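Notes follow once the structure below has been shown.
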Amino acid sequence: MVMATKRDSETAAVSPLQGAAKKEKMVAKRSWEDELKDGNFERSKSSFRSVISDVAEVTYKPETDRYHFYLAKACPWANRLEILTRLLGMTEHFPMTFTDPVFAEIGDGRTGWVFTEEFPDTLNGKDNLYQVYLKYHPDYEGKATTPMLLDKKTGTIVSNESKDMLKSLCWGCKDLHAEGTPDYYPRDKEAAIDEWIDKMYDPLLNGVYKCGFTTEQETYDKQIESMFGLLDEIDEHLGKNKWMLGDEFSVLDLVIGVTLCRFDAVYYVHFMCCKKHIYDYEHLSNYARAFYQLEHVKAATDLEMCKKHYFKSHHVIAPMKLIAASNVNADLNLPHNRDELFPSK
């Protein structure tokens with residue numbers, strides 16, 4: 001991957017921080033409801049695509065107490081960043097603010113990530129995430145998404161694209177990693193990791209949302225077939241490999257593992273991804289439990305909060321806002337035997 005230059009980082013940002021005299025806009029211009037078009041779900045493209053790097057031309061250098069994450073426990077894209085930050089031993093370098101798990105009014109009839117008494121914005125004191133975006137980029141008209149990485153030094157948003165942030169943390173912040181931290185995104189495996197992520201994105205990672213929000217039967221049927229065709233393939237792959245790339249855990253496991261943890265508890269019911277449970281798969285189920293039971297994964301994952309978010313936020317799918325019961329067979333605390341199947345060499 002070619003790291004962004006200073007010019008790249010400046011053009012990627014929608015608007016630089018402007019003077020305090022300019023009044024902050026309080027009405028959201030865009031939210032998740034705007035992604036439901038013609039009966040289908042079309043995810044917005046990320047607007048901020050800069051990276052952290054020690055390359056001389058790059059604006060954003062790896063420094064402690066410079067950056068701040070805005071995350072949501074319920075968001076899978078944000079959950080991956082929290083887990084990775086913990087795995088790399090960098091929580092003291094990258095403090096985090098979490099939104100409330102349930103969407104609420106953010107203006108003009110739209111709903112989105114908000115801050116509450118239980119989940120306050122301790123950095124900026126805002127009421128919702130959209131206001132945070134507008135504080136640093138007053139002309140921003142996109143969607144206020146998590147994860148979002150803020151640079152306190154320049155007063156700009158570095159990125160709201162999770163894939164870029166995974167690389168920033170693994171590659172650009174090596175000097176901040178805890179001593180003895182494994183390489184979770186090895187350069188010699190970059191092509192294989194990115195190929196798998198690209199392969200999984202439309203059928204599965206984003207596919208669960210496309211299934212849940214579509215109003216077209218043909219679209220739903222095609223998406224389901226694509227999703228479970230991929231899950232069948234990954235199940236077979238994991239019958240031969242402890243982790244997605246073999247013996248070593250990588251960011252690829254982080255990407256798929258977070259989705260698998262949510263699948264039976266949320267996506268199977270809420271998004272009607274109900275052809276099979278993950279626990280019906282011999283290898284996927286074993287792998288999902290092994291992933292979830294990793295110390296830093298479990299510490300960063302709150303499935304009850306995930307359920308609360310999906311069932312109480314998506315009013316077009318679940319207007320009654322009732323939280324569905326979980327299937328006992330989907331308990332990720334059940335034992336696994338991945339270590340016995342694939343003993344350390």
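Ordering of the structure tokens sets the chain letters (A, B, ...); residue numbers start at 1 within each chain; ligands are numbered from 1 in the order shown.
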Next item on the list: Once DSSP has gone over the backbone, tell me which residues of region 62-246 of chain A are in strand (DSSP E), as a VMD selection string.
Entry: chain A and resid 67 to 71 96 to 98 104 to 107 110 to 112 148 to 151 156 to 159
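In this comparison, which uses only C-alpha atoms, the residue of A:Lys143, A:Thr85, A:Val132, A:Thr301 approaching Lys174 (chain A) most closely is A:Thr85.
For Pro343 (chain A), the list of residues within 12 Å, based on only C-alpha atoms and with local chain neighbours fewer than 2 positions off taken out, reads Asn241, Lys242, Gly246, Asp247, Glu248, Asn337, Arg338, Asp339, Glu340, Leu341 and Lys345 of chain A.
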Output file for the residues above (all heavy atoms, as a tab-separated table (two decimals), in the first residue's frame):
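File written: selection_31.tsv
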```tsv
chain	number	residue	atom	x	y	z
A	241	ASN	N	-7.32	-24.97	8.61
A	241	ASN	CA	-6.48	-23.90	9.15
A	241	ASN	C	-7.01	-23.43	10.49
A	241	ASN	O	-8.22	-23.20	10.64
A	241	ASN	CB	-6.45	-22.71	8.18
A	241	ASN	CG	-5.88	-23.06	6.83
A	241	ASN	OD1	-4.67	-23.03	6.62
A	241	ASN	ND2	-6.76	-23.38	5.88
A	242	LYS	N	-6.11	-23.25	11.46
A	242	LYS	CA	-6.54	-22.76	12.77
A	242	LYS	C	-7.11	-21.35	12.66
A	242	LYS	O	-8.16	-21.04	13.22
A	242	LYS	CB	-5.37	-22.79	13.75
A	242	LYS	CG	-5.75	-22.32	15.15
A	242	LYS	CD	-4.58	-22.44	16.12
A	242	LYS	CE	-5.01	-22.04	17.53
A	242	LYS	NZ	-3.89	-22.18	18.50
A	246	GLY	N	-3.66	-19.49	8.53
A	246	GLY	CA	-2.87	-20.64	8.98
A	246	GLY	C	-2.73	-20.66	10.48
A	246	GLY	O	-3.72	-20.58	11.22
A	247	ASP	N	-1.48	-20.75	10.96
A	247	ASP	CA	-1.23	-20.89	12.39
A	247	ASP	C	-1.27	-19.57	13.16
A	247	ASP	O	-1.46	-19.58	14.38
A	247	ASP	CB	0.13	-21.55	12.63
A	247	ASP	CG	0.18	-22.98	12.11
A	247	ASP	OD1	-0.88	-23.64	12.13
A	247	ASP	OD2	1.26	-23.42	11.68
A	248	GLU	N	-1.11	-18.44	12.45
A	248	GLU	CA	-0.97	-17.16	13.14
A	248	GLU	C	-2.23	-16.31	12.99
A	248	GLU	O	-2.79	-16.16	11.91
A	248	GLU	CB	0.24	-16.38	12.59
A	248	GLU	CG	1.57	-17.11	12.73
A	248	GLU	CD	1.91	-17.42	14.18
A	248	GLU	OE1	1.59	-16.59	15.05
A	248	GLU	OE2	2.51	-18.48	14.44
A	337	ASN	N	-12.29	-26.56	20.52
A	337	ASN	CA	-11.09	-27.40	20.57
A	337	ASN	C	-10.12	-27.07	19.44
A	337	ASN	O	-9.44	-27.94	18.90
A	337	ASN	CB	-11.47	-28.89	20.52
A	337	ASN	CG	-12.12	-29.29	19.20
A	337	ASN	OD1	-12.61	-28.43	18.46
A	337	ASN	ND2	-12.12	-30.58	18.89
A	338	ARG	N	-10.05	-25.78	19.09
A	338	ARG	CA	-9.14	-25.37	18.01
A	338	ARG	C	-7.68	-25.68	18.36
A	338	ARG	O	-6.90	-26.06	17.49
A	338	ARG	CB	-9.30	-23.87	17.72
A	338	ARG	CG	-10.67	-23.43	17.29
A	338	ARG	CD	-11.08	-24.00	15.97
A	338	ARG	NE	-10.39	-23.39	14.83
A	338	ARG	CZ	-10.56	-23.79	13.56
A	338	ARG	NH1	-11.38	-24.79	13.28
A	338	ARG	NH2	-9.92	-23.19	12.59
A	339	ASP	N	-7.32	-25.51	19.62
A	339	ASP	CA	-5.93	-25.75	20.02
A	339	ASP	C	-5.56	-27.23	19.90
A	339	ASP	O	-4.43	-27.58	19.53
A	339	ASP	CB	-5.69	-25.28	21.45
A	339	ASP	CG	-5.82	-23.77	21.59
A	339	ASP	OD1	-5.54	-23.07	20.61
A	339	ASP	OD2	-6.21	-23.31	22.68
A	340	GLU	N	-6.52	-28.10	20.18
A	340	GLU	CA	-6.28	-29.55	20.05
A	340	GLU	C	-6.25	-29.97	18.58
A	340	GLU	O	-5.43	-30.81	18.17
A	340	GLU	CB	-7.36	-30.35	20.78
A	340	GLU	CG	-7.30	-30.28	22.30
A	340	GLU	CD	-7.78	-28.94	22.85
A	340	GLU	OE1	-8.50	-28.22	22.11
A	340	GLU	OE2	-7.44	-28.60	24.00
A	341	LEU	N	-7.09	-29.35	17.78
A	341	LEU	CA	-7.11	-29.67	16.34
A	341	LEU	C	-5.86	-29.17	15.63
A	341	LEU	O	-5.38	-29.80	14.68
A	341	LEU	CB	-8.36	-29.04	15.70
A	341	LEU	CG	-9.71	-29.66	16.05
A	341	LEU	CD1	-10.84	-28.80	15.48
A	341	LEU	CD2	-9.81	-31.08	15.52
A	345	LYS	N	3.16	-25.56	16.59
A	345	LYS	CA	4.31	-26.27	16.00
A	345	LYS	C	5.60	-25.88	16.69
A	345	LYS	O	5.75	-24.79	17.20
A	345	LYS	CB	4.39	-25.95	14.50
A	345	LYS	CG	3.18	-26.43	13.72
A	345	LYS	CD	3.30	-26.09	12.26
A	345	LYS	CE	2.10	-26.58	11.45
A	345	LYS	NZ	2.19	-26.22	10.03
```
Notebook entry, point to check: Leaving out Ala324 (chain A) and any residue of its chain fewer than 5 positions from it, which residues lie within 10 Å of it when counting only C-alpha atoms, given as a list in words?
Noted result: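 Neighbouring residues, sequence-local ones excluded: Ala265, Val266, Val269, His270, Lys307, Lys308 and Phe311 of chain A.
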Go ahead and save the picked residues with N, CA, C and O atoms, as a JSON list (two decimals), in the first residue's frame.
```json
[["chain", "number", "residue", "atom", "x", "y", "z"],
["A", 265, "ALA", "N", -26.66, -13.93, 17.04],
["A", 265, "ALA", "CA", -27.35, -13.09, 18.02],
["A", 265, "ALA", "C", -28.17, -11.98, 17.37],
["A", 265, "ALA", "O", -29.23, -11.60, 17.87],
["A", 266, "VAL", "N", -27.70, -11.48, 16.23],
["A", 266, "VAL", "CA", -28.35, -10.33, 15.60],
["A", 266, "VAL", "C", -28.76, -10.59, 14.16],
["A", 266, "VAL", "O", -29.93, -10.51, 13.80],
["A", 269, "VAL", "N", -31.62, -13.10, 12.98],
["A", 269, "VAL", "CA", -33.01, -12.68, 13.24],
["A", 269, "VAL", "C", -33.30, -11.33, 12.60],
["A", 269, "VAL", "O", -34.20, -11.19, 11.78],
["A", 270, "HIS", "N", -32.53, -10.33, 12.97],
["A", 270, "HIS", "CA", -32.83, -8.95, 12.62],
["A", 270, "HIS", "C", -32.75, -8.70, 11.12],
["A", 270, "HIS", "O", -33.60, -8.00, 10.54],
["A", 307, "LYS", "N", -27.16, -6.17, 20.46],
["A", 307, "LYS", "CA", -28.59, -6.48, 20.26],
["A", 307, "LYS", "C", -29.45, -5.25, 20.53],
["A", 307, "LYS", "O", -30.40, -4.96, 19.80],
["A", 308, "LYS", "N", -29.12, -4.55, 21.59],
["A", 308, "LYS", "CA", -29.88, -3.35, 21.93],
["A", 308, "LYS", "C", -29.82, -2.33, 20.80],
["A", 308, "LYS", "O", -30.84, -1.71, 20.44],
["A", 311, "PHE", "N", -31.87, -3.85, 17.42],
["A", 311, "PHE", "CA", -33.32, -4.02, 17.59],
["A", 311, "PHE", "C", -34.03, -2.74, 18.01],
["A", 311, "PHE", "O", -35.24, -2.60, 17.78]]
```
